[in-house]
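Chemist: Next comes entry.pdb, PDB, C-alpha atoms and all ligand atoms:
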```
ATOM      1  CA  PRO D 362     -18.073   6.878 -14.062
ATOM      2  CA  PHE D 363     -16.026   3.731 -13.563
ATOM      3  CA  THR D 364     -18.193   0.623 -13.886
ATOM      4  CA  PHE D 365     -17.708  -3.124 -13.862
ATOM      5  CA  GLN D 366     -19.820  -3.528 -16.992
ATOM      6  CA  SER D 367     -16.868  -3.129 -19.343
ATOM      7  CA  TYR D 368     -13.112  -3.561 -19.522
ATOM      8  CA  HIS D 369     -11.086  -0.403 -19.118
ATOM      9  CA  ARG D 370      -7.910   1.130 -20.429
ATOM     10  CA  PHE D 371      -4.895   1.402 -18.122
ATOM     11  CA  VAL D 372      -5.163   5.169 -17.519
ATOM     12  CA  ASP D 373      -8.861   4.917 -16.675
ATOM     13  CA  MET D 374      -8.120   2.282 -14.067
ATOM     14  CA  MET D 375      -5.361   4.421 -12.583
ATOM     15  CA  ASP D 376      -7.693   7.454 -12.500
ATOM     16  CA  TYR D 377     -10.238   5.406 -10.593
ATOM     17  CA  LEU D 378      -7.603   4.286  -8.089
ATOM     18  CA  ARG D 379      -6.608   7.910  -7.556
ATOM     19  CA  PHE D 380     -10.260   8.733  -6.972
ATOM     20  CA  LEU D 381     -10.475   5.981  -4.335
ATOM     21  CA  GLU D 382      -7.331   7.272  -2.669
ATOM     22  CA  GLU D 383      -8.801  10.782  -2.473
ATOM     23  CA  SER D 384     -12.165   9.514  -1.266
ATOM     24  CA  TYR D 385     -10.784   7.142   1.376
ATOM     25  CA  PRO D 386      -7.456   8.644   2.422
ATOM     26  CA  HIS D 387      -7.495   6.755   5.727
ATOM     27  CA  LEU D 388      -7.807   3.398   3.947
ATOM     28  CA  VAL D 389      -6.177   3.682   0.541
ATOM     29  CA  GLU D 390      -2.648   4.511  -0.449
ATOM     30  CA  LEU D 391      -1.384   4.318  -4.030
ATOM     31  CA  ILE D 392       2.258   3.300  -4.207
ATOM     32  CA  THR D 393       4.381   3.579  -7.345
ATOM     33  CA  ILE D 394       6.931   0.779  -7.235
ATOM     34  CA  GLY D 395       8.611   1.304 -10.582
ATOM     35  CA  LYS D 396       8.136   1.840 -14.283
ATOM     36  CA  SER D 397       7.362  -0.524 -17.125
ATOM     37  CA  ASN D 398       9.566  -0.919 -20.188
ATOM     38  CA  GLN D 399       7.592   1.796 -21.970
ATOM     39  CA  GLY D 400       7.570   4.059 -18.934
ATOM     40  CA  ARG D 401       4.120   3.402 -17.476
ATOM     41  CA  PRO D 402       3.882   3.560 -13.679
ATOM     42  CA  LEU D 403       3.685   0.262 -11.795
ATOM     43  CA  LYS D 404       1.102   0.884  -9.096
ATOM     44  CA  VAL D 405       0.227  -1.018  -5.967
ATOM     45  CA  VAL D 406      -2.844  -0.214  -3.899
ATOM     46  CA  LYS D 407      -2.297  -0.517  -0.183
ATOM     47  CA  ILE D 408      -5.477  -0.972   1.817
ATOM     48  CA  SER D 409      -4.887  -0.609   5.505
ATOM     49  CA  SER D 410      -6.669   0.934   8.448
ATOM     50  CA  GLY D 411      -3.463   1.064  10.480
ATOM     51  CA  ASN D 412      -3.333   3.339  13.438
ATOM     52  CA  THR D 413       0.277   4.359  14.039
ATOM     53  CA  GLU D 414       0.639   1.597  16.567
ATOM     54  CA  GLY D 415      -0.223  -1.158  14.112
ATOM     55  CA  LEU D 416       1.428   0.527  11.166
ATOM     56  CA  ASP D 417       3.258  -1.920   8.945
ATOM     57  CA  LYS D 418       3.177  -4.559  11.655
ATOM     58  CA  LYS D 419       0.127  -6.493  10.563
ATOM     59  CA  PRO D 420       0.146  -9.675   8.558
ATOM     60  CA  ALA D 421      -0.285  -8.843   4.888
ATOM     61  CA  ILE D 422      -1.809 -10.277   1.733
ATOM     62  CA  TRP D 423      -0.445  -9.698  -1.766
ATOM     63  CA  ILE D 424      -2.679  -9.969  -4.832
ATOM     64  CA  ASP D 425      -1.552  -9.156  -8.353
ATOM     65  CA  ALA D 426      -3.194  -9.354 -11.756
ATOM     66  CA  GLY D 427      -2.534  -8.490 -15.361
ATOM     67  CA  THR D 428       0.761 -10.343 -15.723
ATOM     68  CA  HIS D 429      -0.363 -11.490 -19.156
ATOM     69  CA  GLY D 430      -1.776  -8.766 -21.393
ATOM     70  CA  ARG D 431      -4.692 -10.680 -22.870
ATOM     71  CA  GLU D 432      -6.107 -11.932 -19.567
ATOM     72  CA  TRP D 433      -8.460  -8.963 -19.219
ATOM     73  CA  ILE D 434     -10.661 -10.465 -16.543
ATOM     74  CA  THR D 435      -7.796 -10.383 -14.027
ATOM     75  CA  PRO D 436      -7.254  -6.599 -13.732
ATOM     76  CA  ALA D 437     -11.034  -6.186 -13.725
ATOM     77  CA  VAL D 438     -11.356  -8.613 -10.816
ATOM     78  CA  ALA D 439      -8.467  -6.988  -8.935
ATOM     79  CA  MET D 440     -10.227  -3.622  -9.266
ATOM     80  CA  PHE D 441     -13.434  -5.253  -8.044
ATOM     81  CA  LEU D 442     -11.659  -6.626  -4.955
ATOM     82  CA  ILE D 443     -10.207  -3.202  -4.182
ATOM     83  CA  LYS D 444     -13.587  -1.548  -4.502
ATOM     84  CA  GLN D 445     -15.289  -4.129  -2.292
ATOM     85  CA  LEU D 446     -12.685  -3.930   0.456
ATOM     86  CA  VAL D 447     -12.806  -0.142   0.514
ATOM     87  CA  GLN D 448     -16.419   0.767  -0.150
ATOM     88  CA  ASN D 449     -17.919  -1.892   2.084
ATOM     89  CA  TYR D 450     -15.555  -1.154   4.961
ATOM     90  CA  ARG D 451     -18.463  -1.578   7.378
ATOM     91  CA  SER D 452     -18.747  -5.265   6.443
ATOM     92  CA  THR D 453     -15.104  -5.912   5.557
ATOM     93  CA  ARG D 454     -13.838  -4.133   8.656
ATOM     94  CA  ARG D 455     -12.416  -7.256  10.309
ATOM     95  CA  LEU D 456     -10.476  -8.113   7.146
ATOM     96  CA  VAL D 457      -9.071  -4.629   6.726
ATOM     97  CA  ASP D 458      -8.367  -3.886  10.380
ATOM     98  CA  ASN D 459      -6.454  -7.112  10.932
ATOM     99  CA  LEU D 460      -4.564  -7.330   7.665
ATOM    100  CA  ASP D 461      -2.733  -5.055   5.251
ATOM    101  CA  TRP D 462      -3.704  -5.601   1.631
ATOM    102  CA  TYR D 463      -1.364  -4.962  -1.256
ATOM    103  CA  ILE D 464      -3.172  -5.255  -4.570
ATOM    104  CA  MET D 465      -1.535  -4.628  -7.931
ATOM    105  CA  PRO D 466      -4.207  -4.637 -10.654
ATOM    106  CA  ILE D 467      -1.793  -4.472 -13.589
ATOM    107  CA  MET D 468       1.703  -5.874 -13.472
ATOM    108  CA  ASN D 469       2.131  -5.603 -17.239
ATOM    109  CA  PRO D 470       0.571  -2.303 -18.363
ATOM    110  CA  ASP D 471       2.450  -2.226 -21.685
ATOM    111  CA  GLY D 472       1.204  -5.650 -22.728
ATOM    112  CA  TYR D 473      -2.312  -4.796 -21.559
ATOM    113  CA  GLU D 474      -2.415  -1.591 -23.598
ATOM    114  CA  TYR D 475      -1.036  -3.425 -26.625
ATOM    115  CA  THR D 476      -3.994  -5.828 -26.412
ATOM    116  CA  HIS D 477      -6.286  -2.787 -26.636
ATOM    117  CA  THR D 478      -4.530  -1.143 -29.574
ATOM    118  CA  LYS D 479      -2.803  -3.757 -31.746
ATOM    119  CA  ASP D 480      -3.118  -7.402 -30.822
ATOM    120  CA  ARG D 481      -5.926  -8.601 -28.539
ATOM    121  CA  LEU D 482      -4.121 -11.861 -27.780
ATOM    122  CA  TRP D 483      -0.714 -10.445 -26.788
ATOM    123  CA  ARG D 484       0.655 -12.183 -23.681
ATOM    124  CA  LYS D 485       4.158 -10.919 -22.860
ATOM    125  CA  ASN D 486       5.457  -7.513 -21.817
ATOM    126  CA  MET D 487       6.822  -5.097 -24.450
ATOM    127  CA  SER D 488      10.518  -5.478 -23.808
ATOM    128  CA  PRO D 489      12.230  -4.212 -26.978
ATOM    129  CA  GLY D 490      14.510  -7.219 -27.309
ATOM    130  CA  ASN D 491      18.021  -7.140 -28.546
ATOM    131  CA  LYS D 492      18.177  -4.923 -31.616
ATOM    132  CA  LYS D 493      21.519  -6.384 -32.671
ATOM    133  CA  GLY D 494      20.150  -9.914 -32.627
ATOM    134  CA  ALA D 495      19.765 -12.354 -29.819
ATOM    135  CA  SER D 496      21.549 -15.456 -28.694
ATOM    136  CA  ASP D 497      20.372 -18.259 -26.483
ATOM    137  CA  ARG D 498      21.982 -19.552 -23.313
ATOM    138  CA  ARG D 499      24.447 -21.635 -25.289
ATOM    139  CA  GLY D 500      25.481 -18.585 -27.258
ATOM    140  CA  ARG D 501      23.743 -19.584 -30.461
ATOM    141  CA  PHE D 502      22.574 -16.660 -32.522
ATOM    142  CA  PHE D 503      18.907 -16.317 -33.415
ATOM    143  CA  TRP D 504      18.553 -15.017 -36.922
ATOM    144  CA  ASP D 505      15.098 -13.635 -36.204
ATOM    145  CA  GLY D 506      15.389 -13.008 -32.483
ATOM    146  CA  SER D 507      16.041  -9.331 -32.897
ATOM    147  CA  ARG D 508      12.678  -8.750 -34.473
ATOM    148  CA  CYS D 509      10.719 -10.251 -31.607
ATOM    149  CA  LYS D 510       9.486  -8.286 -28.645
ATOM    150  CA  GLY D 511       8.425  -9.241 -25.206
ATOM    151  CA  VAL D 512       9.299 -11.464 -22.276
ATOM    152  CA  ASP D 513       6.829 -13.765 -20.539
ATOM    153  CA  LEU D 514       6.752 -12.240 -17.072
ATOM    154  CA  ASN D 515       5.584 -15.541 -15.606
ATOM    155  CA  ARG D 516       8.862 -17.165 -16.679
ATOM    156  CA  ASN D 517      11.185 -14.359 -15.648
ATOM    157  CA  TRP D 518      11.327 -14.815 -11.848
ATOM    158  CA  GLY D 519      14.600 -15.814 -10.251
ATOM    159  CA  PHE D 520      13.862 -19.240  -8.829
ATOM    160  CA  HIS D 521      14.862 -22.293 -10.880
ATOM    161  CA  TRP D 522      14.688 -19.888 -13.810
ATOM    162  CA  GLY D 523      14.546 -21.474 -17.254
ATOM    163  CA  GLU D 524      14.538 -25.066 -16.032
ATOM    164  CA  ALA D 525      11.204 -26.186 -17.458
ATOM    165  CA  GLY D 526       8.306 -25.021 -19.609
ATOM    166  CA  ALA D 527      10.059 -21.848 -20.683
ATOM    167  CA  SER D 528      11.679 -20.838 -23.945
ATOM    168  CA  ASP D 529      15.038 -19.231 -24.637
ATOM    169  CA  ASN D 530      13.748 -18.023 -28.003
ATOM    170  CA  PRO D 531      12.644 -14.350 -27.897
ATOM    171  CA  CYS D 532      10.000 -15.103 -30.522
ATOM    172  CA  ARG D 533       8.146 -17.575 -28.334
ATOM    173  CA  GLU D 534       5.165 -16.847 -26.105
ATOM    174  CA  THR D 535       6.973 -18.304 -23.105
ATOM    175  CA  TYR D 536      10.328 -16.535 -23.592
ATOM    176  CA  ALA D 537      11.927 -16.368 -20.139
ATOM    177  CA  GLY D 538      14.110 -13.322 -20.913
ATOM    178  CA  PRO D 539      17.905 -13.103 -21.179
ATOM    179  CA  GLN D 540      18.293 -13.631 -17.436
ATOM    180  CA  PRO D 541      16.169 -13.849 -14.287
ATOM    181  CA  PHE D 542      14.579 -10.505 -13.431
ATOM    182  CA  SER D 543      15.738  -8.949 -16.685
ATOM    183  CA  GLU D 544      12.428  -7.051 -16.756
ATOM    184  CA  PRO D 545      11.584  -3.878 -14.819
ATOM    185  CA  GLU D 546       8.104  -5.229 -14.061
ATOM    186  CA  THR D 547       9.248  -8.421 -12.288
ATOM    187  CA  ARG D 548      12.146  -6.603 -10.631
ATOM    188  CA  ALA D 549       9.913  -3.905  -9.148
ATOM    189  CA  VAL D 550       7.453  -6.421  -7.756
ATOM    190  CA  SER D 551      10.113  -8.747  -6.348
ATOM    191  CA  ASP D 552      11.902  -5.867  -4.578
ATOM    192  CA  PHE D 553       8.625  -4.720  -3.090
ATOM    193  CA  ILE D 554       7.748  -8.239  -1.912
ATOM    194  CA  LEU D 555      11.193  -8.873  -0.398
ATOM    195  CA  ASP D 556      10.825  -5.672   1.597
ATOM    196  CA  LYS D 557       7.619  -7.011   3.188
ATOM    197  CA  LYS D 558       8.301 -10.718   3.178
ATOM    198  CA  SER D 559       8.211 -11.255   6.928
ATOM    199  CA  ARG D 560       4.639  -9.919   7.036
ATOM    200  CA  LEU D 561       3.334 -11.566   3.902
ATOM    201  CA  LYS D 562       1.161 -14.602   4.607
ATOM    202  CA  VAL D 563      -0.498 -14.967   1.223
ATOM    203  CA  PHE D 564       0.742 -14.379  -2.311
ATOM    204  CA  LEU D 565      -1.976 -14.612  -4.931
ATOM    205  CA  THR D 566      -1.349 -14.017  -8.602
ATOM    206  CA  LEU D 567      -4.422 -13.844 -10.847
ATOM    207  CA  HIS D 568      -4.394 -15.335 -14.339
ATOM    208  CA  ALA D 569      -6.928 -16.641 -16.826
ATOM    209  CA  TYR D 570      -8.295 -18.975 -17.894
ATOM    210  CA  SER D 571      -9.199 -22.566 -16.854
ATOM    211  CA  GLN D 572     -10.670 -22.279 -13.319
ATOM    212  CA  MET D 573      -7.775 -23.659 -11.344
ATOM    213  CA  TRP D 574      -6.311 -22.864  -7.965
ATOM    214  CA  LEU D 575      -2.644 -23.777  -8.356
ATOM    215  CA  ILE D 576      -0.146 -24.458  -5.613
ATOM    216  CA  PRO D 577       3.672 -24.599  -5.826
ATOM    217  CA  TRP D 578       5.762 -26.137  -7.050
ATOM    218  CA  SER D 579       5.430 -25.424 -10.704
ATOM    219  CA  TYR D 580       8.987 -26.230 -11.717
ATOM    220  CA  THR D 581       9.049 -29.745 -10.292
ATOM    221  CA  LYS D 582       6.713 -32.617  -9.611
ATOM    222  CA  SER D 583       7.900 -32.906  -6.017
ATOM    223  CA  LYS D 584       5.614 -31.707  -3.273
ATOM    224  CA  ALA D 585       6.221 -28.473  -1.412
ATOM    225  CA  LYS D 586       6.945 -28.955   2.257
ATOM    226  CA  ASP D 587       3.676 -27.226   3.205
ATOM    227  CA  TYR D 588       1.717 -29.243   0.678
ATOM    228  CA  ASP D 589      -1.048 -30.224   3.110
ATOM    229  CA  ASP D 590      -1.483 -26.670   4.421
ATOM    230  CA  LEU D 591      -1.461 -25.249   0.893
ATOM    231  CA  MET D 592      -4.136 -27.721  -0.136
ATOM    232  CA  PHE D 593      -6.177 -27.062   3.010
ATOM    233  CA  LEU D 594      -6.349 -23.301   2.533
ATOM    234  CA  GLY D 595      -6.821 -23.709  -1.218
ATOM    235  CA  LYS D 596      -9.746 -26.032  -0.553
ATOM    236  CA  ARG D 597     -11.343 -23.435   1.699
ATOM    237  CA  ALA D 598     -10.933 -20.839  -1.009
ATOM    238  CA  ILE D 599     -12.493 -22.863  -3.803
ATOM    239  CA  ASN D 600     -15.317 -24.095  -1.570
ATOM    240  CA  ALA D 601     -16.226 -20.499  -0.758
ATOM    241  CA  LEU D 602     -15.955 -19.584  -4.435
ATOM    242  CA  GLN D 603     -18.161 -22.449  -5.526
ATOM    243  CA  LYS D 604     -20.887 -21.501  -3.060
ATOM    244  CA  ILE D 605     -21.662 -18.270  -4.937
ATOM    245  CA  TYR D 606     -22.627 -19.559  -8.402
ATOM    246  CA  GLY D 607     -21.474 -23.180  -8.405
ATOM    247  CA  THR D 608     -18.380 -22.410 -10.493
ATOM    248  CA  GLU D 609     -16.036 -25.392 -10.331
ATOM    249  CA  PHE D 610     -12.331 -25.012  -9.659
ATOM    250  CA  HIS D 611      -9.585 -27.608  -9.637
ATOM    251  CA  LEU D 612      -6.958 -27.504  -6.928
ATOM    252  CA  GLY D 613      -3.403 -28.796  -7.261
ATOM    253  CA  SER D 614       0.024 -28.073  -8.639
ATOM    254  CA  SER D 615       0.774 -26.972 -12.170
ATOM    255  CA  PRO D 616       2.694 -30.118 -13.214
ATOM    256  CA  SER D 617      -0.181 -32.318 -12.027
ATOM    257  CA  LEU D 618      -3.025 -30.256 -13.553
ATOM    258  CA  LEU D 619      -1.421 -28.384 -16.472
ATOM    259  CA  TYR D 620       2.270 -28.584 -17.238
ATOM    260  CA  PRO D 621       5.528 -27.855 -15.397
ATOM    261  CA  ILE D 622       6.866 -24.318 -15.710
ATOM    262  CA  ALA D 623       9.850 -22.601 -14.149
ATOM    263  CA  GLY D 624      10.395 -18.951 -13.337
ATOM    264  CA  SER D 625       6.812 -18.347 -12.219
ATOM    265  CA  ALA D 626       5.849 -15.762  -9.646
ATOM    266  CA  ASP D 627       4.238 -18.105  -7.131
ATOM    267  CA  ASP D 628       7.236 -20.468  -7.039
ATOM    268  CA  TRP D 629       9.530 -17.498  -6.412
ATOM    269  CA  ALA D 630       7.258 -16.070  -3.710
ATOM    270  CA  LYS D 631       7.366 -19.363  -1.853
ATOM    271  CA  GLY D 632      10.903 -20.482  -2.650
ATOM    272  CA  LYS D 633      12.766 -17.192  -2.354
ATOM    273  CA  ALA D 634      10.549 -14.810  -0.399
ATOM    274  CA  GLY D 635       9.283 -17.526   1.933
ATOM    275  CA  VAL D 636       5.584 -16.667   1.657
ATOM    276  CA  LYS D 637       3.890 -19.791   2.927
ATOM    277  CA  TYR D 638       0.569 -19.578   1.094
ATOM    278  CA  SER D 639       1.481 -18.862  -2.503
ATOM    279  CA  TYR D 640      -1.002 -19.518  -5.304
ATOM    280  CA  THR D 641      -1.609 -18.925  -8.974
ATOM    281  CA  VAL D 642      -5.302 -18.624  -9.711
ATOM    282  CA  GLU D 643      -6.665 -19.216 -13.190
ATOM    283  CA  LEU D 644     -10.037 -17.440 -13.284
ATOM    284  CA  ARG D 645     -12.984 -18.044 -15.637
ATOM    285  CA  ASP D 646     -13.813 -19.613 -17.939
ATOM    286  CA  LYS D 647     -12.934 -23.113 -19.126
ATOM    287  CA  GLY D 648     -12.516 -22.195 -22.774
ATOM    288  CA  LYS D 649     -15.922 -21.237 -24.142
ATOM    289  CA  PHE D 650     -14.821 -17.614 -24.395
ATOM    290  CA  GLY D 651     -11.316 -18.087 -23.052
ATOM    291  CA  PHE D 652      -9.374 -14.821 -22.991
ATOM    292  CA  LEU D 653     -12.370 -13.077 -24.617
ATOM    293  CA  LEU D 654     -14.561 -13.419 -21.546
ATOM    294  CA  PRO D 655     -17.620 -11.153 -22.014
ATOM    295  CA  PRO D 656     -17.731  -8.087 -19.757
ATOM    296  CA  SER D 657     -21.049  -9.302 -18.355
ATOM    297  CA  GLN D 658     -18.978 -11.878 -16.456
ATOM    298  CA  ILE D 659     -16.811  -9.306 -14.650
ATOM    299  CA  VAL D 660     -19.191  -8.867 -11.714
ATOM    300  CA  PRO D 661     -19.961 -12.566 -11.184
ATOM    301  CA  THR D 662     -16.275 -13.485 -11.508
ATOM    302  CA  GLY D 663     -15.421 -10.671  -9.110
ATOM    303  CA  ARG D 664     -18.013 -11.804  -6.584
ATOM    304  CA  GLU D 665     -16.957 -15.422  -6.504
ATOM    305  CA  THR D 666     -13.254 -14.525  -6.392
ATOM    306  CA  PHE D 667     -13.920 -12.109  -3.536
ATOM    307  CA  ALA D 668     -15.623 -14.926  -1.622
ATOM    308  CA  ALA D 669     -12.527 -17.095  -2.056
ATOM    309  CA  VAL D 670     -10.189 -14.284  -1.032
ATOM    310  CA  LYS D 671     -12.264 -13.503   2.053
ATOM    311  CA  ALA D 672     -12.234 -17.156   3.096
ATOM    312  CA  MET D 673      -8.438 -17.182   2.919
ATOM    313  CA  ALA D 674      -8.137 -13.890   4.741
ATOM    314  CA  ARG D 675     -10.387 -15.102   7.549
ATOM    315  CA  ALA D 676      -8.323 -18.244   7.896
ATOM    316  CA  ILE D 677      -5.133 -16.180   8.144
ATOM    317  CA  ILE D 678      -6.653 -13.894  10.800
ATOM    318  CA  ASP D 679      -7.813 -16.920  12.770
ATOM    319  CA  LYS D 680      -4.357 -18.471  12.283
ATOM    320  CA  VAL D 681      -5.760 -21.629  10.761
TER
HETATM  321  O1  LIG F   1       1.569 -20.537 -18.213
HETATM  322  C1  LIG F   1       1.313 -19.729 -17.335
HETATM  323  O2  LIG F   1       2.045 -18.802 -17.021
HETATM  324  C2  LIG F   1      -0.011 -19.882 -16.570
HETATM  325  N1  LIG F   1      -1.100 -20.075 -17.443
HETATM  326  S1  LIG F   1      -1.606 -18.848 -18.375
HETATM  327  O3  LIG F   1      -2.589 -19.363 -19.321
HETATM  328  N2  LIG F   1      -2.367 -17.781 -17.486
HETATM  329  O4  LIG F   1      -0.491 -18.246 -18.984
HETATM  330  C3  LIG F   1       0.083 -21.105 -15.715
HETATM  331  C4  LIG F   1       0.883 -20.931 -14.523
HETATM  332  C5  LIG F   1       1.250 -22.250 -13.996
HETATM  333  N3  LIG F   1       1.235 -22.391 -12.658
HETATM  334  C6  LIG F   1       1.886 -21.872 -11.642
HETATM  335  N4  LIG F   1       2.719 -20.886 -11.720
HETATM  336  N5  LIG F   1       1.592 -22.412 -10.518
HETATM  337 ZN    ZN F   2      -1.559 -15.877 -17.416
END
```
Transcribe the structure of this file into structure tokens.
Ligand code: 0X9
Ligand code: ZN
Modeler:
Amino acid sequence: PFTFQSYHRFVDMMDYLRFLEESYPHLVELITIGKSNQGRPLKVVKISSGNTEGLDKKPAIWIDAGTHGREWITPAVAMFLIKQLVQNYRSTRRLVDNLDWYIMPIMNPDGYEYTHTKDRLWRKNMSPGNKKGASDRRGRFFWDGSRCKGVDLNRNWGFHWGEAGASDNPCRETYAGPQPFSEPETRAVSDFILDKKSRLKVFLTLHAYSQMWLIPWSYTKSKAKDYDDLMFLGKRAINALQKIYGTEFHLGSSPSLLYPIAGSADDWAKGKAGVKYSYTVELRDKGKFGFLLPPSQIVPTGRETFAAVKAMARAIIDKV
């Protein structure tokens, strides 16, 4: 059986999602939105109790995870959120009846699988790179570029792409790709989001680690126009999170708390898709285990994250 006591392989997670879809056909729909570089399906779970009248008319929440291969806690938490929303429908009814949920537990299945088979700390996707050699944006040739794989999917989005905190060297961890949306993974997600953008109220992308709730912008130090609202809802989320086990989160923008980066998903969701409440969440821990967070922390991390997500969802339903 599928448990939250260990981390799972990609196919086992997909099997469990199929099981949920079969068990709760009125609530769960599995949508394939594309294929990864290596041909794995990119799957989004839609959780909705829509009668035909309300079908695809409700406000919606997007949550993704597994952008970076090594951040294992994030797909685990996304699966936990899905399970909670579906299996506790009696208590989550208000959240599911009034909102449509789109949850993508693994945006980067190739990178995730690679961390299980070859390199536990792999971050990027598995884009093959340019076999004939690579050149940067000024046309300079990289002598070793052709041997390096992978694009950082959190630098590949088409909004102020490549302006800050990203590399044009294919061998770097933060390689932004040859152009914006060069990768099938980011392209599939962005197309899907654009199709639903008028309904999307929240865009949440789960990362690890450092316990931060990050607001746009990431590419610049200037404040987003909804800065106060973003901070207000973010504050609600981390307060609810903290109430469960006392886990502390910092709230703010990436340049103020971490470093500036361009081409990130949350900046694109706000800047191009117009989703007002767009956040990057860095889950547990603060570095003790880092990316190697023990599986015993899946359930507690899931519980506290679910509390934060519910607080946001309630605020959206109540139009706060
Ligand atoms: O560098 C990143 O992509 C994120 N950190 S991670 O360790 N998970 O790789 C930080 C993202 C920065 N912030 C925003 N996009 N807001
Ligand atoms: Zn990350």
Chemist: Could you tell me which residues the PyMOL selection byres (((chain D and resi 569-583) around 6) and not hetatm) grabs in this file, written as a list in words?
Modeler: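 So the PyMOL selection byres (((chain D and resi 569-583) around 6) and not hetatm), applied here, picks out Glu432, His568, Lys584, Phe610, His611, Leu612, Gly613, Ser614, Ser615, Pro616, Pro621, Ile622, Ala623, Asp628, Tyr640, Thr641, Val642, Glu643, Leu644, Arg645, Asp646 and Lys647 of chain D.
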Chemist: Grab the atom CA of Arg481 of chain D to atom CA of Gly663 of chain D distance for me, in Å with one decimal place.
Modeler: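 Distance reported for this atom pair: 21.7 Å.
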Chemist: Rank D:Val447, D:Ile599, D:Leu416, D:Ile467 by their smallest atom-to-atom distance to Ala668 of chain D, using only C-alpha atoms, and report the top residue only.
Modeler: D:Ile599
Chemist: Once you add 3 Å to each side, what are the centre and edge lengths of the axis-aligned box holding all listed atoms of segment 530-543 of chain D? One decimal in Å, as lines of an AutoDock Vina configuration file, if you can.
Modeler:
```
center_x = 11.7
center_y = -13.6
center_z = -22.0
size_x = 19.1
size_y = 15.4
size_z = 23.1
```
Chemist: Taking into account all atoms listed in the file, which residue in the set D:Asp627, D:Glu474, D:Asp679, D:Asp461 is nearest to Asp373 of chain D?
Modeler: D:Glu474
